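Reading through the structure tokens given below for one structure.
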Amino acid sequence: MSFNTSERYNSVVIEFKGNVMGGPDAVSLNEKLHELIDDGKTNIVVDLGKVKFMNSSGLGMLIGALTTMRKAGGDLRIANATDKIESLLIVTKLITVFKHFKSVEEAAESFQEN
Amino acid sequence: MSVKASTEHLAEVRDFVAAHAQNIGLSQKDISEIRLAVDEAYTNIIKHAYKNDPAKQVSIEIGSDNSKLWISLMDHGRSFDPKKYSEPDLIKRIKQKKRGGMGVYLIKKLMDQVQYNRKGTTNEIRMVKNL
């Protein structure tokens with residue numbers, strides 16, 4: 001997996017690309033999140049539109065990231081999940097844990113309401 | 001096919017089963033469910049049966065008839081006792097910050113039938129998707 005970050009309104013958008021399978025990616029994502037927290041940026045949108053494949057380790061990484069951001073007083077919201085990823089979130093009931101939005105725009109806007 | 005027990009081969013294993021599923025005309029949804037189930041089963045063998053020893057071998061067989069597709073993964077490591085498995089409450093686990101436990105749950109949800117067999121020193125997980 002690779003990811004890149006950009007800013008929209010008062011949130012940071014992290015775009016995931018490729019195969020989301022945890023492992024070493026979880027370490028680099030965690031480092032990135034802690035950098036953002038240190039900069040006072042705790043509103044995160046994860047854009048899942050370019051994810052090709054995700055397994056339970058990838059889901060575990062996403063949950064870890066969510067916990068990190070909520071602990072820091074922010075949130076991690078997901079956007080743009082493909083049908084495949086959405087059905088994975090439904091099967092695992094994780095859809096109830098994440099605030100999820102159809103587009104990055106909507107997810108970023110949702111932080112404006114805070 | 002037979003591969004070493006390493007996450008390096010995950011994509012190869014997923015592609016192997018996906019190619020067969022594609023050849024028999026399964027839908028994209030079914031193919032992606034099978035890819036994920038096999039990924040989880042193979043990962044569990046690497047982690048739990050072989051405790052991350054990449055020298056060990058995993059055999060994968062796939063077959064189908066008019067009514068079903070089946071996939072077997074075989075190893076010679078520690079066996080998994082399905083009797084000791086209970087469906088995890090995933091939300092509760094997240095609150096308790098426990099990782100893992102999701103793989104077997106996913107396999108059972110994604111496939112129509114899952115069996116664990118042990119013959120001699122061979123463990124087999126056999127997963128069936130009804131067509």
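Labeling convention for the structure tokens: chains A, B, ... as they appear, residues from 1 per chain, ligands from 1 in order of appearance.
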Quick check for you: according to DSSP on this backbone, which residues of chain B are classed as strand (DSSP E)? Reply as a PyMOL selection string. chain B and resi 2-4+57-64+68-75+113-119+122-130
Pick out the residues sitting within 12 Å of A:Arg70, and hand them over as a PyMOL selection string; count only C-alpha atoms, and ignore anything fewer than 6 positions along from it in its own chain. chain A and resi 33+37+41-44+63-64+76-77+97-98
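Taking only C-alpha atoms into account, B:Arg14 lies nearest to B:Ser32 out of the set B:Asn123, B:Ser72, B:Ser32, B:Gln57.
Counting only C-alpha atoms, stretch 16-25 of chain A has the following residues at most 8 Å away, ignoring those fewer than 6 positions along the same chain: Met1, Ser2, Phe3, Asn4, Val46, Asp47, Leu48, Gly49, Lys50, Val51, Lys52, Phe53, Met54, Asn55, Ser56, Ser57, Gly58, Leu59, Gly60 and Met61 of chain A.
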Chain B contacts to chain A at 10 Å (only C-alpha atoms) as a ChimeraX atom specification: /B:7,11,28-29,32-33,35-37,39-40,43,89-91,94-95,97-106,109-110
Could you pull out the helix (DSSP H, G or I) residues of chain A, going by DSSP on the backbone, and write them as a ChimeraX atom specification? /A:24-38,56-71,83-91,94-96,104-112
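Atom to atom, atom CA of A:Asn10 and atom CA of A:Gln112 stand 7.1 Å apart.
When only C-alpha atoms are used to measure the gap to A:Leu66, the shortest distance among A:Asn30, A:Glu86, A:Thr5, A:Glu35 belongs to A:Asn30.
The two atoms in question, atom CA of A:Met69 and atom CA of A:Ser6, are spaced 16.9 Å apart.
Coordinates place atom CA of B:Val3 at a distance of 21.3 Å from atom CA of B:Ser64.
If only C-alpha atoms are the atoms counted, then among B:Val58, B:Val114, B:Met74, B:Leu131 the closest residue to B:Ile24 is B:Leu131.
Using only C-alpha atoms, the smallest distance between any of B:Pro54, B:Met1, B:Ile60, B:Tyr116 and B:Tyr85 comes from B:Tyr116.
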Tell me which protein, DNA and RNA residues are within 12 Å of B:Asn117, counting only C-alpha atoms, leaving out same-chain ones fewer than 3 positions away, and put them as a PDB file with N, CA and C atoms, in the first residue's frame.
ATOM      1  N   SER B  72      -8.908 -26.055  -1.054  1.00  0.00           N
ATOM      2  CA  SER B  72      -8.286 -26.653   0.125  1.00  0.00           C
ATOM      3  C   SER B  72      -6.893 -26.086   0.303  1.00  0.00           C
ATOM      4  N   LEU B  73      -6.570 -25.749   1.538  1.00  0.00           N
ATOM      5  CA  LEU B  73      -5.198 -25.350   1.866  1.00  0.00           C
ATOM      6  C   LEU B  73      -4.681 -26.370   2.866  1.00  0.00           C
ATOM      7  N   MET B  74      -3.496 -26.885   2.607  1.00  0.00           N
ATOM      8  CA  MET B  74      -2.948 -27.929   3.475  1.00  0.00           C
ATOM      9  C   MET B  74      -1.583 -27.534   4.025  1.00  0.00           C
ATOM     10  N   ASP B  75      -1.390 -27.869   5.307  1.00  0.00           N
ATOM     11  CA  ASP B  75      -0.096 -27.581   5.936  1.00  0.00           C
ATOM     12  C   ASP B  75       0.248 -28.722   6.887  1.00  0.00           C
ATOM     13  N   HIS B  76       1.475 -28.680   7.413  1.00  0.00           N
ATOM     14  CA  HIS B  76       1.910 -29.707   8.370  1.00  0.00           C
ATOM     15  C   HIS B  76       2.311 -29.074   9.699  1.00  0.00           C
ATOM     16  N   SER B  79      -2.193 -27.586  14.474  1.00  0.00           N
ATOM     17  CA  SER B  79      -3.550 -27.616  13.915  1.00  0.00           C
ATOM     18  C   SER B  79      -4.458 -26.618  14.635  1.00  0.00           C
ATOM     19  N   PHE B  80      -5.485 -26.219  13.924  1.00  0.00           N
ATOM     20  CA  PHE B  80      -6.476 -25.294  14.456  1.00  0.00           C
ATOM     21  C   PHE B  80      -7.650 -26.123  14.946  1.00  0.00           C
ATOM     22  N   ASP B  81      -8.077 -25.884  16.174  1.00  0.00           N
ATOM     23  CA  ASP B  81      -9.202 -26.650  16.709  1.00  0.00           C
ATOM     24  C   ASP B  81     -10.481 -25.815  16.603  1.00  0.00           C
ATOM     25  N   PRO B  82     -11.314 -26.158  15.615  1.00  0.00           N
ATOM     26  CA  PRO B  82     -12.516 -25.330  15.428  1.00  0.00           C
ATOM     27  C   PRO B  82     -13.460 -25.373  16.630  1.00  0.00           C
ATOM     28  N   VAL B 114     -17.224 -24.299   5.584  1.00  0.00           N
ATOM     29  CA  VAL B 114     -15.800 -24.345   5.954  1.00  0.00           C
ATOM     30  C   VAL B 114     -15.579 -25.562   6.849  1.00  0.00           C
ATOM     31  N   GLY B 120      -3.360 -37.592   9.679  1.00  0.00           N
ATOM     32  CA  GLY B 120      -1.937 -37.768  10.021  1.00  0.00           C
ATOM     33  C   GLY B 120      -1.385 -36.439  10.497  1.00  0.00           C
ATOM     34  N   THR B 121      -0.348 -35.970   9.811  1.00  0.00           N
ATOM     35  CA  THR B 121       0.228 -34.676  10.214  1.00  0.00           C
ATOM     36  C   THR B 121      -0.266 -33.536   9.332  1.00  0.00           C
ATOM     37  N   THR B 122      -1.212 -33.858   8.455  1.00  0.00           N
ATOM     38  CA  THR B 122      -1.690 -32.826   7.525  1.00  0.00           C
ATOM     39  C   THR B 122      -2.958 -32.151   8.037  1.00  0.00           C
ATOM     40  N   ASN B 123      -2.919 -30.832   8.078  1.00  0.00           N
ATOM     41  CA  ASN B 123      -4.130 -30.049   8.371  1.00  0.00           C
ATOM     42  C   ASN B 123      -4.702 -29.574   7.055  1.00  0.00           C
ATOM     43  N   GLU B 124      -6.005 -29.643   6.962  1.00  0.00           N
ATOM     44  CA  GLU B 124      -6.656 -29.131   5.761  1.00  0.00           C
ATOM     45  C   GLU B 124      -7.782 -28.187   6.157  1.00  0.00           C
ATOM     46  N   ILE B 125      -7.810 -27.021   5.515  1.00  0.00           N
ATOM     47  CA  ILE B 125      -9.023 -26.205   5.604  1.00  0.00           C
ATOM     48  C   ILE B 125      -9.663 -26.277   4.227  1.00  0.00           C
ATOM     49  N   ARG B 126     -10.910 -26.705   4.223  1.00  0.00           N
ATOM     50  CA  ARG B 126     -11.632 -26.837   2.945  1.00  0.00           C
ATOM     51  C   ARG B 126     -12.781 -25.846   2.956  1.00  0.00           C
ATOM     52  N   MET B 127     -12.777 -24.997   1.966  1.00  0.00           N
ATOM     53  CA  MET B 127     -13.790 -23.942   1.884  1.00  0.00           C
ATOM     54  C   MET B 127     -14.616 -24.143   0.622  1.00  0.00           C
TER      55      MET B 127
END
